[in-house]
$ cat upload22.tsv   # TSV, C-alpha atoms
chain	number	residue	atom	x	y	z
E	742	MET	CA	-22.48	29.22	16.56
E	743	MET	CA	-21.50	25.58	16.39
E	744	TYR	CA	-23.48	23.16	14.30
E	745	GLU	CA	-24.38	19.73	15.50
E	746	ARG	CA	-21.24	17.88	14.52
E	747	SER	CA	-22.25	16.07	11.40
E	748	ASP	CA	-25.08	18.33	10.34
E	749	LEU	CA	-23.21	20.99	8.41
E	750	LEU	CA	-21.26	18.32	6.61
E	751	ARG	CA	-24.43	16.38	5.81
E	752	ARG	CA	-26.16	19.46	4.45
E	753	ALA	CA	-23.06	20.57	2.56
E	754	LEU	CA	-22.84	17.13	0.98
E	755	GLY	CA	-26.43	17.63	-0.12
E	756	GLY	CA	-25.26	20.58	-2.18
E	757	VAL	CA	-22.59	18.70	-4.11
E	758	ASP	CA	-22.68	19.35	-7.87
E	759	ALA	CA	-25.72	17.77	-9.52
E	760	GLU	CA	-23.55	16.36	-12.28
E	761	LEU	CA	-21.62	14.24	-9.75
E	762	ILE	CA	-24.83	13.10	-8.07
E	763	GLU	CA	-26.30	12.09	-11.43
E	764	ALA	CA	-23.13	10.20	-12.38
E	765	ALA	CA	-23.33	8.22	-9.14
E	766	ASP	CA	-26.89	7.23	-10.06
E	767	GLU	CA	-25.86	5.42	-13.25
E	768	ARG	CA	-26.61	1.78	-12.83
E	769	THR	CA	-26.01	-0.04	-16.10
E	770	ALA	CA	-23.19	1.72	-17.95
E	771	ARG	CA	-20.47	1.26	-15.36
E	772	PRO	CA	-20.93	-2.43	-14.60
E	773	ALA	CA	-20.96	-3.22	-18.32
E	774	ARG	CA	-17.66	-1.42	-18.76
E	775	LEU	CA	-16.27	-3.05	-15.64
E	776	LEU	CA	-17.32	-6.45	-16.91
E	777	ARG	CA	-15.68	-5.82	-20.29
E	778	GLN	CA	-12.48	-4.70	-18.55
E	779	ARG	CA	-12.48	-7.84	-16.40
E	780	TRP	CA	-13.02	-10.08	-19.41
E	781	ALA	CA	-10.25	-8.32	-21.33
E	782	ALA	CA	-7.85	-8.70	-18.39
E	783	ALA	CA	-8.73	-12.39	-18.00
E	784	ALA	CA	-8.24	-13.01	-21.72
E	785	ALA	CA	-4.87	-11.24	-21.71
E	786	ALA	CA	-3.73	-13.29	-18.70
E	787	PHE	CA	-4.81	-16.50	-20.41
E	788	VAL	CA	-2.86	-15.66	-23.58
E	789	LEU	CA	0.22	-14.82	-21.51
E	790	LEU	CA	-0.09	-18.10	-19.64
E	791	LEU	CA	-0.33	-20.06	-22.88
E	792	GLY	CA	2.70	-18.22	-24.27
E	793	ALA	CA	4.72	-18.88	-21.14
E	794	ALA	CA	3.76	-22.57	-21.13
E	795	TRP	CA	4.97	-22.87	-24.72
E	796	ALA	CA	8.15	-20.80	-24.46
E	797	LEU	CA	9.50	-21.64	-21.02
E	798	PRO	CA	10.73	-25.21	-21.69
E	799	ARG	CA	12.39	-24.01	-24.91
E	800	PHE	CA	14.03	-21.13	-23.08
E	801	LEU	CA	15.38	-23.23	-20.23
E	802	THR	CA	16.81	-26.06	-22.32
E	803	SER	CA	19.28	-25.97	-25.20
E	804	PRO	CA	18.68	-28.22	-28.25
E	805	ARG	CA	20.73	-30.97	-26.57
E	806	GLY	CA	18.79	-30.68	-23.38
E	807	VAL	CA	21.62	-28.95	-21.49
E	808	PRO	CA	20.48	-26.09	-19.29
E	809	VAL	CA	21.52	-22.76	-20.82
E	810	GLU	CA	23.22	-21.40	-17.72
E	811	THR	CA	25.92	-24.09	-17.93
E	812	ALA	CA	26.34	-23.88	-21.71
E	813	PRO	CA	26.20	-20.31	-23.03
E	814	GLU	CA	25.30	-19.94	-26.68
E	815	ARG	CA	28.69	-18.52	-27.65
E	816	GLU	CA	31.79	-17.70	-25.59
E	817	TYR	CA	35.39	-16.62	-26.04
E	818	ARG	CA	37.91	-18.76	-24.12
E	819	TRP	CA	41.64	-18.43	-23.72
E	820	ARG	CA	44.47	-20.34	-22.00
E	821	VAL	CA	48.24	-20.12	-21.81
E	822	GLU	CA	49.92	-22.72	-23.97
E	823	GLY	CA	52.28	-24.89	-21.91
E	824	GLY	CA	54.59	-23.88	-19.07
E	825	ARG	CA	53.81	-23.23	-15.42
E	826	PHE	CA	50.80	-21.04	-16.16
E	827	ALA	CA	49.03	-23.54	-18.44
E	828	SER	CA	46.77	-24.72	-15.63
E	829	TYR	CA	45.90	-21.17	-14.46
E	830	VAL	CA	42.40	-19.87	-15.21
E	831	PRO	CA	41.70	-16.38	-16.53
E	832	GLY	CA	40.17	-13.76	-14.23
E	833	ARG	CA	39.06	-10.16	-14.45
E	834	VAL	CA	41.12	-7.17	-15.58
E	835	ILE	CA	43.40	-5.79	-12.87
E	836	GLU	CA	44.33	-2.16	-12.22
E	837	GLU	CA	47.66	-1.16	-13.75
E	838	ALA	CA	48.89	0.14	-10.38
E	839	ARG	CA	48.87	-3.42	-9.06
E	840	VAL	CA	51.01	-4.78	-11.90
E	841	GLY	CA	54.51	-5.82	-10.79
E	842	GLU	CA	57.65	-6.99	-12.54
E	843	ARG	CA	57.65	-8.74	-15.93
E	844	LEU	CA	58.04	-12.50	-15.54
E	845	GLY	CA	58.31	-13.59	-19.16
E	846	ALA	CA	56.52	-14.17	-22.43
E	847	VAL	CA	53.88	-16.77	-23.25
E	848	THR	CA	51.66	-17.83	-26.11
E	849	VAL	CA	47.91	-17.93	-25.58
E	850	THR	CA	45.39	-20.02	-27.46
E	851	ALA	CA	42.08	-18.25	-27.73
E	852	GLY	CA	38.90	-18.51	-29.74
E	853	TRP	CA	35.14	-18.66	-29.88
E	854	THR	CA	33.15	-21.77	-28.98
E	855	ALA	CA	29.47	-22.26	-29.59
E	856	ARG	CA	27.53	-24.76	-27.49
E	857	GLY	CA	30.82	-26.34	-26.44
E	858	GLU	CA	32.21	-26.64	-29.98
E	859	SER	CA	35.16	-24.61	-31.23
E	860	GLU	CA	34.29	-22.01	-33.87
E	861	SER	CA	37.63	-20.24	-34.25
E	862	VAL	CA	41.15	-20.43	-32.83
E	863	GLU	CA	43.78	-17.71	-32.63
E	864	ARG	CA	47.24	-17.77	-31.12
E	865	LEU	CA	48.32	-14.59	-29.42
E	866	ARG	CA	51.61	-13.46	-27.95
E	867	ALA	CA	51.46	-12.10	-24.43
E	868	GLU	CA	53.71	-11.02	-21.58
E	869	VAL	CA	53.24	-12.29	-18.02
E	870	CYS	CA	53.74	-9.96	-15.07
E	871	ALA	CA	53.57	-10.41	-11.31
E	872	ILE	CA	50.80	-8.89	-9.19
E	873	ARG	CA	52.17	-6.70	-6.39
E	874	GLY	CA	51.90	-8.44	-3.01
E	875	VAL	CA	50.73	-11.73	-4.53
E	876	GLY	CA	52.98	-14.71	-5.23
E	877	ALA	CA	53.24	-15.98	-8.82
E	878	ASP	CA	52.19	-19.38	-7.53
E	879	VAL	CA	48.78	-17.85	-6.65
E	880	ALA	CA	48.14	-15.44	-9.51
E	881	VAL	CA	49.82	-13.40	-12.23
E	882	CYS	CA	48.57	-11.04	-14.90
E	883	VAL	CA	48.82	-11.05	-18.66
E	884	ARG	CA	48.99	-8.28	-21.27
E	885	PHE	CA	48.42	-9.33	-24.86
E	886	LEU	CA	50.87	-8.14	-27.46
E	887	ASP	CA	48.62	-9.27	-30.30
E	888	PRO	CA	45.05	-8.04	-30.33
E	889	GLY	CA	42.56	-10.89	-29.93
E	890	ASP	CA	38.96	-10.95	-31.08
E	891	ALA	CA	37.69	-10.29	-27.58
E	892	LEU	CA	40.86	-9.19	-25.79
E	893	THR	CA	42.72	-5.86	-25.77
E	894	THR	CA	46.44	-5.11	-25.82
E	895	THR	CA	46.03	-2.33	-23.26
E	896	HIS	CA	44.63	-4.15	-20.22
E	897	TYR	CA	46.19	-6.63	-17.82
E	898	TYR	CA	44.10	-9.78	-17.36
E	899	THR	CA	44.62	-11.87	-14.24
E	900	LEU	CA	45.49	-15.55	-14.37
E	901	LEU	CA	44.65	-17.46	-11.22
E	902	ASN	CA	46.01	-20.77	-9.99
E	903	PRO	CA	42.92	-22.87	-9.15
E	904	ALA	CA	45.08	-25.14	-6.98
E	905	ALA	CA	46.25	-22.27	-4.74
E	906	ASP	CA	44.49	-20.20	-2.07
E	907	THR	CA	43.35	-17.28	-4.21
E	908	THR	CA	41.87	-15.27	-1.33
E	909	PRO	CA	44.24	-12.27	-1.91
E	910	VAL	CA	42.89	-11.94	-5.45
E	911	GLN	CA	39.37	-13.06	-4.69
E	912	GLU	CA	37.83	-10.00	-6.32
E	913	TYR	CA	39.30	-10.94	-9.71
E	914	ARG	CA	37.78	-14.40	-9.86
E	915	ILE	CA	34.97	-14.82	-12.34
E	916	ARG	CA	32.09	-16.77	-10.92
E	917	ARG	CA	29.33	-18.41	-12.78
E	918	GLU	CA	25.82	-18.50	-11.37
E	919	SER	CA	26.56	-22.03	-10.18
E	920	GLY	CA	29.21	-20.54	-7.84
E	921	GLU	CA	32.19	-22.18	-9.52
E	922	ALA	CA	35.07	-20.14	-10.88
E	923	SER	CA	35.11	-20.10	-14.64
E	924	ASP	CA	37.91	-20.13	-17.16
E	925	GLY	CA	37.35	-16.41	-17.68
E	926	SER	CA	35.50	-16.84	-20.89
E	927	VAL	CA	33.61	-13.97	-22.44
E	928	GLU	CA	30.01	-14.87	-23.17
E	929	GLU	CA	28.07	-13.51	-26.06
X	839	MET	CA	-42.09	18.79	-21.44
X	840	ASN	CA	-38.53	18.96	-20.16
X	841	ASP	CA	-37.37	19.94	-16.67
X	842	GLU	CA	-36.66	23.50	-17.72
X	843	ASP	CA	-40.29	23.94	-18.83
X	844	LEU	CA	-41.41	22.35	-15.59
X	845	ILE	CA	-39.34	24.82	-13.57
X	846	GLY	CA	-40.87	27.57	-15.70
X	847	ARG	CA	-44.30	26.38	-14.56
X	848	PHE	CA	-43.14	26.51	-10.92
X	849	HIS	CA	-42.13	30.10	-11.57
X	850	ALA	CA	-45.51	30.79	-13.16
X	851	ARG	CA	-47.11	29.39	-9.96
X	852	ASP	CA	-48.83	26.63	-11.92
X	853	GLU	CA	-49.83	24.05	-9.31
X	854	THR	CA	-49.90	21.23	-11.85
X	855	ALA	CA	-46.08	21.55	-11.91
X	856	VAL	CA	-45.93	20.00	-8.43
X	857	ARG	CA	-48.00	17.01	-9.56
X	858	GLU	CA	-45.92	16.62	-12.67
X	859	ALA	CA	-42.63	16.78	-10.74
X	860	GLY	CA	-44.01	14.23	-8.26
X	861	ALA	CA	-45.02	11.83	-11.04
X	862	ARG	CA	-41.69	12.21	-12.77
X	863	TYR	CA	-39.37	11.80	-9.78
X	864	ALA	CA	-41.41	9.93	-7.16
X	865	ALA	CA	-39.51	6.67	-7.58
X	866	TYR	CA	-36.14	8.39	-7.40
X	867	CYS	CA	-37.10	10.40	-4.31
X	868	LEU	CA	-38.81	7.53	-2.52
X	869	ALA	CA	-35.73	5.32	-2.99
X	870	ILE	CA	-33.63	7.92	-1.16
X	871	ALA	CA	-36.22	8.37	1.59
X	872	ARG	CA	-36.59	4.60	2.09
X	873	ASN	CA	-32.83	4.32	2.70
X	874	VAL	CA	-33.40	6.39	5.85
X	875	LEU	CA	-36.99	5.50	6.74
X	876	PRO	CA	-38.04	1.87	6.66
X	877	ASP	CA	-41.74	2.77	6.80
X	878	ARG	CA	-43.19	3.42	3.34
X	879	ARG	CA	-45.82	5.82	4.69
X	880	ASP	CA	-43.10	7.91	6.30
X	881	ALA	CA	-41.23	7.97	2.99
X	882	GLU	CA	-44.36	9.05	1.09
X	883	GLU	CA	-44.99	11.85	3.57
X	884	CYS	CA	-41.40	12.95	3.01
X	885	LEU	CA	-42.08	13.07	-0.70
X	886	SER	CA	-45.02	15.39	-0.07
X	887	ASP	CA	-42.82	17.52	2.20
X	888	ALA	CA	-40.11	17.69	-0.44
X	889	LEU	CA	-42.54	18.70	-3.18
X	890	LEU	CA	-44.01	21.37	-0.91
X	891	ALA	CA	-40.48	22.61	-0.16
X	892	ALA	CA	-39.83	22.76	-3.92
X	893	TRP	CA	-43.04	24.75	-4.43
X	894	ASN	CA	-42.01	27.15	-1.67
X	895	SER	CA	-38.42	27.58	-2.87
X	896	ILE	CA	-39.00	27.83	-6.67
X	897	PRO	CA	-39.05	30.76	-7.21
X	898	PRO	CA	-36.74	32.36	-6.32
X	899	ALA	CA	-34.62	29.25	-6.84
X	900	ARG	CA	-34.06	28.09	-10.42
X	901	PRO	CA	-32.30	24.74	-10.05
X	902	ALA	CA	-30.11	23.65	-12.92
X	903	ASN	CA	-31.11	20.05	-12.25
X	904	LEU	CA	-34.62	19.46	-10.91
X	905	LYS	CA	-34.02	15.78	-10.20
X	906	THR	CA	-31.07	16.26	-7.84
X	907	TYR	CA	-32.73	19.37	-6.38
X	908	LEU	CA	-35.70	17.23	-5.34
X	909	GLY	CA	-33.27	14.55	-4.20
X	910	LYS	CA	-31.56	17.04	-1.88
X	911	LEU	CA	-34.91	18.19	-0.50
X	912	ILE	CA	-36.09	14.67	0.21
X	913	ARG	CA	-32.85	13.60	1.87
X	914	ASP	CA	-33.23	16.58	4.26
X	915	ALA	CA	-36.90	15.76	4.80
X	916	ALA	CA	-36.12	12.12	5.49
X	917	VAL	CA	-33.45	12.93	8.07
X	918	ASP	CA	-35.79	15.44	9.76
X	919	ARG	CA	-38.56	12.84	9.83
X	920	TRP	CA	-36.24	10.20	11.24
X	921	ARG	CA	-35.12	12.58	14.00
X	922	LYS	CA	-38.73	13.45	14.81
X	923	ASN	CA	-39.66	9.77	14.98
X	924	HIS	CA	-36.80	9.00	17.35
X	925	ALA	CA	-36.77	12.23	19.37
X	926	ALA	CA	-38.21	10.63	22.47
X	927	LYS	CA	-36.24	7.40	22.28
X	928	ARG	CA	-32.93	7.29	24.08
X	929	ASP	CA	-31.76	4.05	22.54
X	930	ALA	CA	-32.80	4.92	19.00
X	931	PRO	CA	-30.60	3.42	16.29
X	932	ALA	CA	-28.48	5.91	14.40
X	933	ILE	CA	-28.59	6.56	10.67
X	934	VAL	CA	-25.47	4.59	9.87
X	935	PRO	CA	-24.06	6.81	7.11
X	936	LEU	CA	-24.46	9.87	9.34
X	937	GLU	CA	-22.65	8.07	12.12
X	938	GLU	CA	-19.77	7.44	9.76
X	939	LEU	CA	-19.67	11.13	8.91
X	940	GLU	CA	-19.42	11.92	12.59
X	941	GLU	CA	-16.44	9.58	12.82
X	942	LEU	CA	-14.90	11.53	9.99
X	943	LEU	CA	-15.08	14.67	12.09
X	944	GLY	CA	-13.57	13.05	15.18
X	945	GLU	CA	-13.62	15.45	18.12
X	946	GLU	CA	-13.36	18.49	15.88
X	947	GLU	CA	-15.96	21.25	15.74
X	948	ILE	CA	-16.87	22.87	12.47
X	949	ASP	CA	-16.96	26.62	12.17
X	950	ALA	CA	-20.49	27.42	11.07
X	951	ALA	CA	-19.48	30.89	10.00
X	952	LEU	CA	-18.15	29.22	6.91
X	953	GLU	CA	-21.03	29.01	4.55
X	954	GLU	CA	-22.67	25.73	3.71
X	955	ALA	CA	-22.75	26.60	0.01
X	956	GLU	CA	-19.03	27.31	0.00
X	957	LEU	CA	-18.35	24.02	1.78
X	958	SER	CA	-20.49	22.23	-0.84
X	959	ARG	CA	-18.45	23.83	-3.58
X	960	ARG	CA	-15.18	22.73	-2.00
X	961	ILE	CA	-16.39	19.20	-1.34
X	962	SER	CA	-17.38	19.01	-5.01
X	963	ALA	CA	-13.88	20.12	-5.94
X	964	PHE	CA	-12.44	17.50	-3.59
X	965	LEU	CA	-14.61	14.76	-5.03
X	966	ARG	CA	-13.49	15.64	-8.54
X	967	THR	CA	-9.93	14.82	-7.48
X	968	ARG	CA	-10.95	11.27	-6.52
X	969	ARG	CA	-11.18	8.30	-8.85
X	970	GLU	CA	-14.60	7.96	-10.45
X	971	ALA	CA	-15.40	4.65	-8.77
X	972	GLU	CA	-14.47	5.93	-5.31
X	973	ARG	CA	-16.41	9.14	-5.83
X	974	ASN	CA	-19.54	7.29	-6.92
X	975	VAL	CA	-19.37	4.87	-4.00
X	976	PHE	CA	-18.93	7.79	-1.59
X	977	LEU	CA	-21.94	9.62	-3.01
X	978	ARG	CA	-24.09	6.50	-3.02
X	979	ARG	CA	-23.33	6.10	0.67
X	980	TYR	CA	-23.53	9.69	1.93
X	981	TRP	CA	-25.81	11.35	-0.58
X	982	TYR	CA	-28.26	8.58	-1.40
X	983	TYR	CA	-27.73	6.84	1.98
X	984	ASP	CA	-27.41	3.46	0.25
X	985	SER	CA	-26.42	0.50	2.41
X	986	ILE	CA	-23.07	-1.19	1.70
X	987	GLU	CA	-25.03	-4.17	0.32
X	988	GLN	CA	-26.93	-1.94	-2.09
X	989	ILE	CA	-23.67	-0.45	-3.36
X	990	CYS	CA	-22.17	-3.92	-3.83
X	991	ALA	CA	-25.24	-5.03	-5.78
X	992	ARG	CA	-25.18	-1.91	-7.95
X	993	TRP	CA	-21.65	-2.32	-9.25
X	994	GLY	CA	-20.73	-5.88	-8.42
X	995	TYR	CA	-18.07	-4.91	-5.87
X	996	LYS	CA	-17.11	-6.99	-2.85
X	997	LYS	CA	-18.13	-5.67	0.55
X	998	SER	CA	-14.52	-5.32	1.70
X	999	ARG	CA	-13.70	-3.27	-1.37
X	1000	VAL	CA	-16.58	-0.86	-0.81
X	1001	THR	CA	-15.69	-0.49	2.87
X	1002	MET	CA	-12.09	0.23	1.96
X	1003	MET	CA	-13.04	2.75	-0.73
X	1004	LEU	CA	-15.31	4.57	1.71
X	1005	LYS	CA	-12.67	4.68	4.41
X	1006	ARG	CA	-10.04	5.99	2.01
X	1007	THR	CA	-12.31	8.75	0.77
X	1008	ARG	CA	-13.46	9.70	4.29
X	1009	ASP	CA	-9.85	9.92	5.48
X	1010	ALA	CA	-8.89	12.02	2.48
X	1011	LEU	CA	-11.90	14.30	3.03
X	1012	ALA	CA	-11.02	14.76	6.70
X	1013	GLU	CA	-7.49	15.70	5.69
X	1014	PHE	CA	-8.85	18.05	3.04
X	1015	LEU	CA	-11.20	19.78	5.49
X	1016	LYS	CA	-8.34	20.26	7.94
X	1017	LYS	CA	-6.20	21.86	5.28
X	1018	GLU	CA	-9.06	24.08	4.18
X	1019	GLY	CA	-9.47	25.34	7.75
X	1020	TYR	CA	-12.96	23.98	8.37
X	1021	PHE	CA	-12.06	22.42	11.69
X	1022	LEU	CA	-11.59	24.72	14.64
$ encode --input "upload22.tsv" --output "structure tokens"
Amino acid sequence: MMYERSDLLRRALGGVDAELIEAADERTARPARLLRQRWAAAAAAFVLLLGAAWALPRFLTSPRGVPVETAPEREYRWRVEGGRFASYVPGRVIEEARVGERLGAVTVTAGWTARGESESVERLRAEVCAIRGVGADVAVCVRFLDPGDALTTTHYYTLLNPAADTTPVQEYRIRRESGEASDGSVEE
Amino acid sequence: MNDEDLIGRFHARDETAVREAGARYAAYCLAIARNVLPDRRDAEECLSDALLAAWNSIPPARPANLKTYLGKLIRDAAVDRWRKNHAAKRDAPAIVPLEELEELLGEEEIDAALEEAELSRRISAFLRTRREAERNVFLRRYWYYDSIEQICARWGYKKSRVTMMLKRTRDALAEFLKKEGYFL
């Protein structure tokens, strides 16, 4: 026997547990709770908004009014002192397999700066090596012989000539959010 | 006197129990009937029918909740009355919530061999898996036959929200019934 299509379902719904039917008949308790929840959510959103309005300008601007992304709080910078690599900018660490012949020894000036002002300076000895398949006029790599505060003596750091076409070593360039290559500084 | 005592008086065949039940739950029952029947006299006759049905079914029945038991009786009485009133009319308007239930079934037929009581039990289990707000809205619509506007007014929901909640629950119920093997 087939029931009229909705009839069995209608009658079966009629037999749903009384407790559920009674709960659906509550009129006052639920809206009060709903209203409280809405007020609580609105109050929380308002407090968040106030907090954001207070904190955001302070977060985006340094004490001198310079946007933070162009002036990190504290960073470690290094450069080769004098010679043909003095104008080269530091890049990322390169795999040892790509390191070529030794080209010579250099001295590096390194140290921490905070908000653009020097905090410490250290002079480190380093050896310069070629990068396989890349001319020394484009990029070389450096291994430090003295341990620096933020540099190891076990890795080879690339040094890139900003005046050359650095496409072959593109992956080792360090880019800031602004899109410009950096001096390879380590930010803290 | 609580409902249990009142049911005891039904069992003792004390006719004053019918009057007492009517006085206690008339407003509740009439509200359900009026959702189906716009005419107040029709709704009042349904109340009499429901009370008579309670008198005839208790005993042997011993409902755990007299209020919802009477509610179930009057919703059946109201639908029967509505059908009787519109039996001869070809272009009679449908009871909107029932129409929505038919949509839920699609073209499927239900196997009547499966017992109504068992289906009720499973629908209860299904409803318990739904969020409280969705469950209550569903029951207001298909148990109490409330209009969408009545549901909105009851809980302060927007119409679109109620419509969406109902659709979601109907779809989930259709899926549930399919899985349970109720559709042939």
$ closest_residue --input "upload22.tsv" --among "E:Val847, E:Ile835, E:Ala796, E:Ile872" --to "Tyr897 in chain E" --atoms "only C-alpha atoms"
E:Ile835
$ interface_residues --input "upload22.tsv" --of "chain X" --to "chain E" --cutoff "6 Å" --atoms "all atoms listed in the file" --output "tab-separated table (two decimals) with C-alpha atoms, keeping the file's coordinate frame"
chain	number	residue	atom	x	y	z
X	906	THR	CA	-31.07	16.26	-7.84
X	910	LYS	CA	-31.56	17.04	-1.88
X	940	GLU	CA	-19.42	11.92	12.59
X	950	ALA	CA	-20.49	27.42	11.07
X	954	GLU	CA	-22.67	25.73	3.71
X	957	LEU	CA	-18.35	24.02	1.78
X	958	SER	CA	-20.49	22.23	-0.84
X	962	SER	CA	-17.38	19.01	-5.01
X	974	ASN	CA	-19.54	7.29	-6.92
X	993	TRP	CA	-21.65	-2.32	-9.25
$ residues_around --input "upload22.tsv" --residues "Ile870 in chain X" --least-positions-apart "6" --cutoff "9 Å" --atoms "all atoms listed in the file" --output "list of chain:residue names"
X:Ala881, X:Gly909, X:Ile912, X:Arg913, X:Ala916, X:Trp981, X:Tyr982, X:Tyr983, X:Asp984
$ residues_around --input "upload22.tsv" --residues "range 860-866 of chain E" --least-positions-apart "3" --cutoff "8 Å" --atoms "only C-alpha atoms" --output "VMD selection string"
chain E and resid 846 to 855 885 to 889
$ atom_distance --input "upload22.tsv" --atom1 "CA of Val910 in chain E" --atom2 "CA of Arg884 in chain E"
17.3 Å
$ atom_distance --input "upload22.tsv" --atom1 "CA of Lys922 in chain X" --atom2 "CA of Val874 in chain X"
12.6 Å
